[in-house]
file coords03.cif (mmCIF, C-alpha atoms)
data_final
#
loop_
_atom_site.label_atom_id
_atom_site.label_comp_id
_atom_site.auth_asym_id
_atom_site.auth_seq_id
_atom_site.Cartn_x
_atom_site.Cartn_y
_atom_site.Cartn_z
CA MET A 1 0.00 0.00 0.00
CA LYS A 2 1.02 3.58 -0.60
CA TRP A 3 1.32 5.90 2.39
CA SER A 4 -1.68 7.86 1.12
CA GLU A 5 -3.70 4.63 1.29
CA TYR A 6 -2.52 3.97 4.83
CA ALA A 7 -3.46 7.56 5.71
CA ASN A 8 -6.95 7.00 4.30
CA LEU A 9 -7.26 3.76 6.25
CA ALA A 10 -6.17 5.51 9.45
CA GLN A 11 -8.82 8.20 8.95
CA GLN A 12 -11.48 5.48 8.60
CA SER A 13 -10.11 3.53 11.56
CA LEU A 14 -10.71 6.36 14.02
CA GLU A 15 -14.45 6.17 13.43
CA LYS A 16 -14.40 2.37 13.33
CA PHE A 17 -12.94 2.11 16.82
CA TYR A 18 -13.89 5.34 18.58
CA LEU A 19 -17.14 6.78 17.21
CA ALA A 20 -19.45 7.55 20.16
CA ASP A 21 -23.18 6.95 20.42
CA THR A 22 -23.91 10.45 21.75
CA LYS A 23 -23.65 13.75 19.88
CA GLU A 24 -22.13 15.46 22.90
CA GLN A 25 -19.17 13.10 23.19
CA PHE A 26 -18.33 12.80 19.46
CA LEU A 27 -15.65 10.13 20.10
CA ASN A 28 -15.22 7.67 22.93
CA ASN A 29 -12.05 8.47 24.87
CA PHE A 30 -11.00 4.80 24.90
CA TYR A 31 -11.18 1.60 22.91
CA PRO A 32 -12.51 -0.81 23.90
CA THR A 33 -15.03 0.93 26.13
CA GLU A 34 -17.36 -1.21 28.23
CA ASN A 35 -18.55 1.73 30.30
CA PRO A 36 -18.83 4.81 28.03
CA GLU A 37 -20.30 7.03 30.76
CA GLU A 38 -17.32 6.41 33.03
CA ASP A 39 -14.69 6.48 30.29
CA ASN A 40 -16.03 9.68 28.74
CA LYS A 41 -16.23 11.85 31.85
CA VAL A 42 -13.22 13.88 30.71
CA PHE A 43 -13.69 16.38 27.86
CA ASN A 44 -10.36 16.22 26.04
CA TYR A 45 -10.50 19.67 24.51
CA TRP A 46 -6.95 19.64 23.20
CA TRP A 47 -7.16 16.20 21.62
CA LEU A 48 -9.97 17.43 19.38
CA ALA A 49 -7.82 20.32 18.17
CA HIS A 50 -5.48 17.74 16.68
CA LEU A 51 -8.40 15.85 15.19
CA VAL A 52 -9.30 19.08 13.36
CA GLU A 53 -5.73 19.31 12.09
CA VAL A 54 -5.47 15.72 10.93
CA ARG A 55 -8.86 15.92 9.17
CA LEU A 56 -7.52 19.04 7.48
CA ASP A 57 -4.40 17.10 6.50
CA ALA A 58 -6.68 14.62 4.73
CA TYR A 59 -8.45 17.43 2.87
CA LEU A 60 -5.20 19.01 1.73
CA ARG A 61 -4.09 15.60 0.46
CA THR A 62 -7.33 14.45 -1.19
CA LYS A 63 -8.92 17.83 -2.07
CA LYS A 64 -12.25 16.20 -1.18
CA GLN A 65 -14.79 18.69 0.17
CA ALA A 66 -16.16 16.02 2.52
CA ASP A 67 -12.84 15.92 4.37
CA LEU A 68 -12.90 19.68 4.86
CA GLU A 69 -16.48 19.50 6.10
CA VAL A 70 -15.48 16.94 8.74
CA ALA A 71 -12.64 19.21 9.90
CA GLU A 72 -15.00 22.19 10.21
CA LYS A 73 -17.67 20.12 11.93
CA THR A 74 -15.10 18.85 14.45
CA TYR A 75 -13.89 22.37 15.15
CA LEU A 76 -17.42 23.69 15.69
CA HIS A 77 -18.31 20.77 17.96
CA ASN A 78 -15.22 21.35 20.08
CA LYS A 79 -15.73 25.10 20.32
CA ASN A 80 -19.42 24.74 21.18
CA ARG A 81 -18.72 22.16 23.85
CA ASN A 82 -16.21 24.60 25.34
CA GLY A 83 -18.96 27.22 25.71
CA GLY A 84 -18.80 28.70 22.23
CA THR A 85 -15.26 30.02 22.62
CA LEU A 86 -11.63 28.88 22.47
CA ILE A 87 -10.90 30.57 25.82
CA HIS A 88 -10.06 27.99 28.48
CA ASP A 89 -8.23 27.57 31.79
CA PHE A 90 -5.37 25.80 30.02
CA TYR A 91 -3.35 28.14 27.84
CA ASP A 92 -1.76 25.26 25.93
CA ASP A 93 -5.18 23.78 25.06
CA MET A 94 -6.24 27.18 23.74
CA LEU A 95 -3.14 27.38 21.58
CA TRP A 96 -3.56 23.93 20.04
CA ASN A 97 -7.07 25.01 19.05
CA ALA A 98 -5.85 28.38 17.77
CA LEU A 99 -3.31 26.68 15.51
CA ALA A 100 -6.10 24.48 14.15
CA ALA A 101 -8.29 27.57 13.69
CA TYR A 102 -5.60 29.38 11.74
CA ARG A 103 -5.06 26.41 9.43
CA LEU A 104 -8.82 26.23 8.83
CA TYR A 105 -8.77 29.93 7.97
CA LYS A 106 -6.04 29.37 5.38
CA ALA A 107 -7.99 26.45 3.89
CA THR A 108 -11.40 28.13 3.80
CA GLY A 109 -10.81 31.89 3.89
CA LYS A 110 -13.50 32.19 6.59
CA SER A 111 -12.69 35.14 8.85
CA ILE A 112 -14.21 33.56 11.98
CA TYR A 113 -11.29 31.16 12.21
CA LEU A 114 -8.73 33.95 11.98
CA GLU A 115 -10.68 35.92 14.60
CA ASP A 116 -10.64 32.91 16.94
CA ALA A 117 -6.87 32.56 16.54
CA GLN A 118 -6.37 36.28 17.21
CA LEU A 119 -8.61 36.10 20.29
CA VAL A 120 -6.47 33.34 21.78
CA TRP A 121 -3.26 35.22 21.00
CA GLN A 122 -4.56 38.41 22.63
CA ASP A 123 -5.81 36.56 25.71
CA LEU A 124 -2.37 35.06 26.27
CA VAL A 125 -0.68 38.45 25.89
CA ASP A 126 -3.19 40.09 28.23
CA THR A 127 -3.28 37.43 30.94
CA GLY A 128 -0.69 34.67 30.44
CA TRP A 129 2.75 36.30 30.67
CA ASN A 130 4.40 37.24 33.95
CA ASP A 131 7.90 37.75 35.36
CA ILE A 132 8.03 34.57 37.45
CA MET A 133 11.06 32.57 36.27
CA GLY A 134 12.15 35.62 34.29
CA GLY A 135 9.14 35.65 31.97
CA GLY A 136 7.33 33.15 29.81
CA PHE A 137 3.69 32.19 29.49
CA ALA A 138 2.01 30.20 32.24
CA TRP A 139 0.61 26.74 31.59
CA ARG A 140 -2.84 27.51 33.01
CA ARG A 141 -4.67 30.30 34.81
CA PRO A 142 -4.73 28.69 38.28
CA GLN A 143 -0.95 28.04 38.08
CA MET A 144 0.60 31.26 36.86
CA TYR A 145 3.96 30.29 38.39
CA TYR A 146 4.39 27.20 36.19
CA LYS A 147 5.90 27.80 32.73
CA ASN A 148 6.34 25.14 30.05
CA THR A 149 7.22 24.42 26.44
CA PRO A 150 3.71 23.23 25.38
CA VAL A 151 2.52 26.83 25.81
CA ASN A 152 5.49 28.93 24.83
CA ALA A 153 6.62 27.16 21.65
CA PRO A 154 3.11 26.94 20.08
CA PHE A 155 2.64 30.62 20.97
CA ILE A 156 5.74 31.43 18.90
CA ILE A 157 4.35 29.46 15.95
CA LEU A 158 0.96 31.17 16.17
CA SER A 159 2.60 34.59 16.48
CA CYS A 160 4.66 33.97 13.34
CA TRP A 161 1.62 32.83 11.39
CA LEU A 162 -0.37 35.90 12.45
CA TYR A 163 2.58 38.15 11.58
CA ASN A 164 2.78 36.58 8.11
CA GLU A 165 -0.94 37.07 7.57
CA LEU A 166 -1.46 40.52 9.10
CA ASN A 167 2.02 42.08 8.91
CA GLU A 168 1.65 43.67 12.34
CA THR A 169 4.98 44.00 14.17
CA LYS A 170 3.51 43.13 17.58
CA TYR A 171 3.19 39.52 16.52
CA LEU A 172 6.83 39.18 15.54
CA GLU A 173 7.99 41.11 18.62
CA TRP A 174 6.11 38.74 20.91
CA ALA A 175 7.41 35.73 18.98
CA MET A 176 11.00 36.92 19.47
CA LYS A 177 10.47 37.77 23.14
CA THR A 178 8.96 34.36 23.85
CA TYR A 179 11.61 32.55 21.83
CA GLU A 180 14.36 34.26 23.80
CA TRP A 181 12.82 33.14 27.10
CA GLN A 182 12.05 29.61 25.91
CA THR A 183 15.56 29.08 24.56
CA LYS A 184 17.32 30.56 27.58
CA VAL A 185 15.32 28.69 30.21
CA LEU A 186 14.15 25.40 28.68
CA VAL A 187 16.57 24.43 25.90
CA ARG A 188 19.86 22.63 26.54
CA GLU A 189 23.12 23.50 24.78
CA ASP A 190 22.70 20.44 22.53
CA GLY A 191 19.22 21.54 21.46
CA PHE A 192 17.15 19.20 23.63
CA VAL A 193 13.98 20.87 24.88
CA GLU A 194 12.88 20.44 28.50
CA ASP A 195 9.21 20.31 29.40
CA GLY A 196 8.76 22.98 32.08
CA ILE A 197 10.00 24.87 35.12
CA ASN A 198 8.68 25.72 38.60
CA ARG A 199 5.78 23.25 38.55
CA LEU A 200 6.24 22.69 42.30
CA GLU A 201 7.12 26.36 42.94
CA ASP A 202 10.71 25.37 43.69
CA GLY A 203 12.35 26.88 40.61
CA THR A 204 13.43 23.51 39.25
CA ILE A 205 13.11 22.07 35.75
CA ASP A 206 11.32 18.73 35.22
CA TYR A 207 14.36 17.00 33.76
CA GLU A 208 12.73 13.57 33.95
CA TRP A 209 9.93 14.59 31.56
CA LYS A 210 11.47 13.93 28.15
CA PHE A 211 8.68 14.27 25.61
CA THR A 212 8.67 14.23 21.82
CA TYR A 213 6.11 16.99 21.37
CA ASN A 214 8.32 19.53 23.13
CA GLN A 215 11.01 18.88 20.54
CA GLY A 216 8.44 19.09 17.74
CA VAL A 217 6.96 22.47 18.60
CA TYR A 218 10.41 23.99 19.21
CA ILE A 219 11.49 22.75 15.77
CA GLY A 220 8.33 24.39 14.40
CA ALA A 221 9.03 27.66 16.20
CA ASN A 222 12.56 27.80 14.79
CA LEU A 223 11.34 27.03 11.29
CA GLU A 224 8.82 29.87 11.36
CA LEU A 225 11.38 32.38 12.62
CA TYR A 226 13.86 31.18 9.99
CA ARG A 227 11.32 31.75 7.23
CA ILE A 228 10.56 35.26 8.43
CA THR A 229 14.11 36.41 9.24
CA LYS A 230 16.12 34.22 6.81
CA GLU A 231 18.68 33.88 9.64
CA ALA A 232 20.47 30.52 9.40
CA LYS A 233 20.77 30.18 13.19
CA TYR A 234 17.11 29.25 13.46
CA LEU A 235 17.36 26.50 10.86
CA ASP A 236 20.57 25.27 12.50
CA THR A 237 18.80 25.10 15.85
CA ALA A 238 15.85 23.22 14.38
CA ASN A 239 18.25 20.65 12.93
CA LYS A 240 20.14 20.40 16.22
CA THR A 241 16.93 19.73 18.14
CA ALA A 242 15.85 17.15 15.56
CA ALA A 243 19.17 15.32 15.78
CA ILE A 244 19.24 15.15 19.58
CA SER A 245 15.58 14.04 19.62
CA LEU A 246 16.35 11.03 17.43
CA LYS A 247 19.45 10.25 19.46
CA GLU A 248 17.88 10.53 22.90
CA LEU A 249 14.26 9.51 22.50
CA THR A 250 14.38 6.57 20.06
CA GLU A 251 15.20 2.90 20.31
CA ASP A 252 15.54 0.53 17.36
CA GLY A 253 14.43 3.24 14.92
CA ILE A 254 11.25 4.28 16.68
CA PHE A 255 10.28 6.51 19.60
CA LYS A 256 10.20 4.95 23.05
CA ASP A 257 6.96 4.63 25.02
CA GLU A 258 6.28 7.99 26.70
CA GLY A 259 3.73 6.93 29.32
CA ASN A 260 0.15 5.77 29.67
CA GLY A 261 -1.71 8.81 30.98
CA GLY A 262 -3.66 9.36 27.76
CA ASP A 263 -2.27 12.76 26.80
CA GLU A 264 1.08 11.14 26.05
CA GLY A 265 -0.57 9.27 23.20
CA LEU A 266 -0.60 12.47 21.12
CA PHE A 267 2.99 13.51 21.68
CA LYS A 268 4.65 11.55 18.86
CA GLY A 269 2.19 12.77 16.24
CA ILE A 270 2.89 16.40 17.12
CA PHE A 271 6.61 15.75 16.70
CA TYR A 272 6.03 14.14 13.28
CA ARG A 273 4.04 17.17 12.09
CA TYR A 274 6.80 19.72 12.69
CA PHE A 275 9.62 17.29 11.95
CA THR A 276 8.09 16.68 8.51
CA ASP A 277 7.96 20.44 7.99
CA LEU A 278 11.71 20.48 8.64
CA ILE A 279 12.24 17.61 6.20
CA GLU A 280 10.36 19.50 3.49
CA GLU A 281 12.50 22.58 4.20
CA THR A 282 15.85 20.75 4.15
CA ALA A 283 15.28 17.54 2.09
CA ASN A 284 17.20 15.63 4.78
CA LYS A 285 17.20 11.99 3.64
CA THR A 286 18.10 10.58 7.07
CA TYR A 287 15.13 12.31 8.66
CA ARG A 288 12.83 11.24 5.83
CA ASP A 289 13.95 7.62 6.19
CA PHE A 290 13.23 7.78 9.92
CA VAL A 291 9.64 8.89 9.31
CA LEU A 292 8.92 6.26 6.68
CA ASN A 293 10.69 3.38 8.45
CA SER A 294 9.06 4.12 11.81
CA CYS A 295 5.65 4.42 10.15
CA GLN A 296 6.22 0.98 8.62
CA ILE A 297 6.77 -0.43 12.12
CA LEU A 298 3.66 1.41 13.29
CA VAL A 299 1.34 -0.03 10.62
CA GLU A 300 2.67 -3.57 10.93
CA ASN A 301 1.80 -3.57 14.64
CA ALA A 302 -1.49 -1.70 14.16
CA LYS A 303 -3.23 -3.94 11.61
CA LEU A 304 -6.49 -5.31 13.00
CA ASP A 305 -9.40 -6.74 10.99
CA GLY A 306 -8.61 -4.60 7.96
CA TYR A 307 -8.18 -1.41 10.00
CA LEU A 308 -5.39 0.26 11.98
CA LEU A 309 -5.60 0.36 15.78
CA MET A 310 -2.60 2.38 16.90
CA GLY A 311 -1.49 2.10 20.50
CA MET A 312 0.64 4.10 22.90
CA ASN A 313 3.80 2.14 22.08
CA TRP A 314 4.38 1.76 18.34
CA LYS A 315 6.94 -1.01 18.84
CA GLU A 316 4.31 -3.54 19.86
CA LYS A 317 0.74 -4.65 19.22
CA PRO A 318 -1.72 -2.40 21.10
CA SER A 319 -3.28 -3.86 24.23
CA GLY A 320 -5.60 -2.83 27.04
CA LYS A 321 -7.73 0.31 26.87
CA ILE A 322 -6.26 2.63 24.26
CA PRO A 323 -7.04 6.38 24.25
CA TYR A 324 -7.97 7.92 20.92
CA SER A 325 -5.05 10.30 21.44
CA ALA A 326 -2.83 7.39 20.40
CA GLU A 327 -4.91 6.76 17.27
CA LEU A 328 -4.63 10.46 16.45
CA SER A 329 -0.85 10.35 16.79
CA GLY A 330 -0.63 7.52 14.31
CA MET A 331 -3.00 9.31 11.95
CA ILE A 332 -0.78 12.41 11.99
CA ALA A 333 2.34 10.32 11.38
CA LEU A 334 0.76 8.54 8.41
CA GLU A 335 -0.47 11.82 6.93
CA MET A 336 3.08 13.12 7.22
CA ALA A 337 4.44 9.98 5.55
CA ALA A 338 1.95 10.58 2.73
CA LYS A 339 3.25 14.15 2.37
CA LEU A 340 6.76 12.76 1.92
CA GLU A 341 5.66 10.06 -0.53
#
call {"tool": "encode", "arguments": {"input": "coords03.cif", "output": "structure tokens"}}
result
Amino acid sequence: MKWSEYANLAQQSLEKFYLADTKEQFLNNFYPTENPEEDNKVFNYWWLAHLVEVRLDAYLRTKKQADLEVAEKTYLHNKNRNGGTLIHDFYDDMLWNALAAYRLYKATGKSIYLEDAQLVWQDLVDTGWNDIMGGGFAWRRPQMYYKNTPVNAPFIILSCWLYNELNETKYLEWAMKTYEWQTKVLVREDGFVEDGINRLEDGTIDYEWKFTYNQGVYIGANLELYRITKEAKYLDTANKTAAISLKELTEDGIFKDEGNGGDEGLFKGIFYRYFTDLIEETANKTYRDFVLNSCQILVENAKLDGYLLMGMNWKEKPSGKIPYSAELSGMIALEMAAKLE
């Protein structure tokens, strides 16, 4: 099968395994689910942002209007369930949704999506930044002292996109300011990106939390600044982070298991999205081979009754209750493989 065919199959597999019986829930949080009411108590607002993105990936690949309609329907469902707005307690969740909104705007030209993305950006600027730990955006409103990569790096990406679209200097200024803080506080000399600082109000970095998605969004942030400024240092940094990610976080040509909390299921897919952007920018064959070879391992372990059930650990057959975050991660990876096909 071609990677585009695997990507199509992955899109179909999500509904096969996770489609919920209720309109409110949209997707069951787990497969298999014997007790949907219990399993679906949590509204995974940020997971659905990535479902919007991966449905949009399908549309950009197939050019089928039905795929775009599913992406828009997913976005509207998620926004409505969140009270008709993207504003939320978690700044990172807001940003994932804002990135999805901006991509929908570019695909459809509908101003509401751009307005949603701008609203999120302005809310972070107005309420999310403070001088604790020398600056940076907080993770969530009730924890203004805790700063992490999953907020600050996506904010840089969003700022760059808004700058490109609107040509207003405030967006680039905030991108630069945030990049300077992120790089100084949470990026090692070798380019590896740490998760966060001051979570326990003790000023320490969570060195034990080594996650793929932190590397991915920092690669994305560097790529966007490189494209705007044409300064080679940003592209060099993106490549450095990519190289250390593959060195430190993989085993036998595939990423190691990152945990079983549910959210971790999405981390690899986010890395693949921005890593593939780097591959398209640089035509790096080693990186391309990693994506395609690891996706081959993924699909071989995921095949089930003519569909793909993708688990938390791509190195083995999925088992137990699997969150749809993991299925989403695999979907993103296969869409990225199709882009490189």
call {"tool": "residues_around", "arguments": {"input": "coords03.cif", "residues": "Glu194 (chain A)", "least_positions_apart": "4", "cutoff": "10 Å", "atoms": "only C-alpha atoms", "output": "ChimeraX atom specification"}}
result
/A:148-149,182-183,185-188,205-211,214-215
call {"tool": "residues_around", "arguments": {"input": "coords03.cif", "residues": "Leu114 (chain A)", "least_positions_apart": "2", "cutoff": "9 Å", "atoms": "all atoms listed in the file", "output": "list of chain:residue names"}}
result
A:Ala98, A:Ala101, A:Tyr102, A:Arg103, A:Leu104, A:Tyr105, A:Lys106, A:Gly109, A:Lys110, A:Ser111, A:Ile112, A:Asp116, A:Ala117, A:Gln118, A:Leu119, A:Leu162
call {"tool": "resolve_selection", "arguments": {"input": "coords03.cif", "expression": "the PyMOL selection byres ((chain A and resi 73) around 12)", "output": "ChimeraX atom specification"}}
result
/A:23,26,48-49,51-53,55-56,66-72,74-80,104
call {"tool": "resolve_selection", "arguments": {"input": "coords03.cif", "expression": "the PyMOL selection byres ((chain A and resi 30) around 10)", "output": "short mmCIF file (atom, residue, chain, number, x, y, z; two decimals) with C-alpha atoms, in the frame of the given file"}}
result
data_model
loop_
_atom_site.label_atom_id
_atom_site.label_comp_id
_atom_site.auth_asym_id
_atom_site.auth_seq_id
_atom_site.Cartn_x
_atom_site.Cartn_y
_atom_site.Cartn_z
CA PHE A 17 -12.94 2.11 16.82
CA TYR A 18 -13.89 5.34 18.58
CA LEU A 27 -15.65 10.13 20.10
CA ASN A 28 -15.22 7.67 22.93
CA ASN A 29 -12.05 8.47 24.87
CA TYR A 31 -11.18 1.60 22.91
CA PRO A 32 -12.51 -0.81 23.90
CA THR A 33 -15.03 0.93 26.13
CA GLU A 34 -17.36 -1.21 28.23
CA ASN A 35 -18.55 1.73 30.30
CA PRO A 36 -18.83 4.81 28.03
CA ASP A 39 -14.69 6.48 30.29
CA ASN A 40 -16.03 9.68 28.74
CA GLY A 262 -3.66 9.36 27.76
CA GLY A 320 -5.60 -2.83 27.04
CA LYS A 321 -7.73 0.31 26.87
CA ILE A 322 -6.26 2.63 24.26
CA PRO A 323 -7.04 6.38 24.25
CA TYR A 324 -7.97 7.92 20.92
CA SER A 325 -5.05 10.30 21.44
CA ALA A 326 -2.83 7.39 20.40
CA GLU A 327 -4.91 6.76 17.27
#
call {"tool": "resolve_selection", "arguments": {"input": "coords03.cif", "expression": "the PyMOL selection byres ((chain A and resi 297-302) around 8)", "output": "PyMOL selection string"}}
result
chain A and resi 254+293-296+303-304+307-311+314-318+330
call {"tool": "write_last_selection", "arguments": {"input": "coords03.cif", "atoms": "C-alpha atoms", "output": "PDB file, in the frame of the given file"}}
result
ATOM      1  CA  ILE A 254      11.250   4.280  16.680  1.00  0.00           C
ATOM      2  CA  ASN A 293      10.690   3.380   8.450  1.00  0.00           C
ATOM      3  CA  SER A 294       9.060   4.120  11.810  1.00  0.00           C
ATOM      4  CA  CYS A 295       5.650   4.420  10.150  1.00  0.00           C
ATOM      5  CA  GLN A 296       6.220   0.980   8.620  1.00  0.00           C
ATOM      6  CA  LYS A 303      -3.230  -3.940  11.610  1.00  0.00           C
ATOM      7  CA  LEU A 304      -6.490  -5.310  13.000  1.00  0.00           C
ATOM      8  CA  TYR A 307      -8.180  -1.410  10.000  1.00  0.00           C
ATOM      9  CA  LEU A 308      -5.390   0.260  11.980  1.00  0.00           C
ATOM     10  CA  LEU A 309      -5.600   0.360  15.780  1.00  0.00           C
ATOM     11  CA  MET A 310      -2.600   2.380  16.900  1.00  0.00           C
ATOM     12  CA  GLY A 311      -1.490   2.100  20.500  1.00  0.00           C
ATOM     13  CA  TRP A 314       4.380   1.760  18.340  1.00  0.00           C
ATOM     14  CA  LYS A 315       6.940  -1.010  18.840  1.00  0.00           C
ATOM     15  CA  GLU A 316       4.310  -3.540  19.860  1.00  0.00           C
ATOM     16  CA  LYS A 317       0.740  -4.650  19.220  1.00  0.00           C
ATOM     17  CA  PRO A 318      -1.720  -2.400  21.100  1.00  0.00           C
ATOM     18  CA  GLY A 330      -0.630   7.520  14.310  1.00  0.00           C
TER      19      GLY A 330
END
call {"tool": "closest_residue", "arguments": {"input": "coords03.cif", "among": "A:Asp123, A:Asp305, A:Glu201, A:Glu15", "to": "Phe90 (chain A)", "atoms": "all atoms listed in the file"}}
result
A:Asp123
call {"tool": "residues_around", "arguments": {"input": "coords03.cif", "residues": "Leu340 (chain A)", "least_positions_apart": "6", "cutoff": "9 Å", "atoms": "only C-alpha atoms", "output": "PyMOL selection string"}}
result
chain A and resi 3+276+279-280+288+291-292
call {"tool": "atom_distance", "arguments": {"input": "coords03.cif", "atom1": "CA of Met312 (chain A)", "atom2": "CA of Gly265 (chain A)"}}
result
5.3 Å
call {"tool": "atom_distance", "arguments": {"input": "coords03.cif", "atom1": "CA of Ile87 (chain A)", "atom2": "CA of Ile332 (chain A)"}}
result
25.0 Å
call {"tool": "closest_residue", "arguments": {"input": "coords03.cif", "among": "A:Ile270, A:Ala100, A:Ile157, A:Leu14", "to": "Tyr113 (chain A)", "atoms": "all atoms listed in the file"}}
result
A:Ala100
call {"tool": "closest_residue", "arguments": {"input": "coords03.cif", "among": "A:Leu60, A:Val151, A:Met1, A:Ala10", "to": "Trp96 (chain A)", "atoms": "all atoms listed in the file"}}
result
A:Val151
call {"tool": "residues_around", "arguments": {"input": "coords03.cif", "residues": "region 136-139 of chain A", "least_positions_apart": "4", "cutoff": "12 Å", "atoms": "all atoms listed in the file", "output": "VMD selection string"}}
result
chain A and resid 88 to 95 121 123 to 132 143 to 156 174 to 186 195 to 199
call {"tool": "axis_aligned_box", "arguments": {"input": "coords03.cif", "around": "region 314-323 of chain A", "padding_each_side": "3 Å", "output": "AutoDock Vina command-line options"}}
result
--center_x -0.4 --center_y 0.9 --center_z 22.7 --size_x 20.7 --size_y 17.0 --size_z 14.7
call {"tool": "closest_residue", "arguments": {"input": "coords03.cif", "among": "A:Thr237, A:Asn167, A:Thr62, A:Asn97", "to": "Ala7 (chain A)", "atoms": "only C-alpha atoms"}}
result
A:Thr62
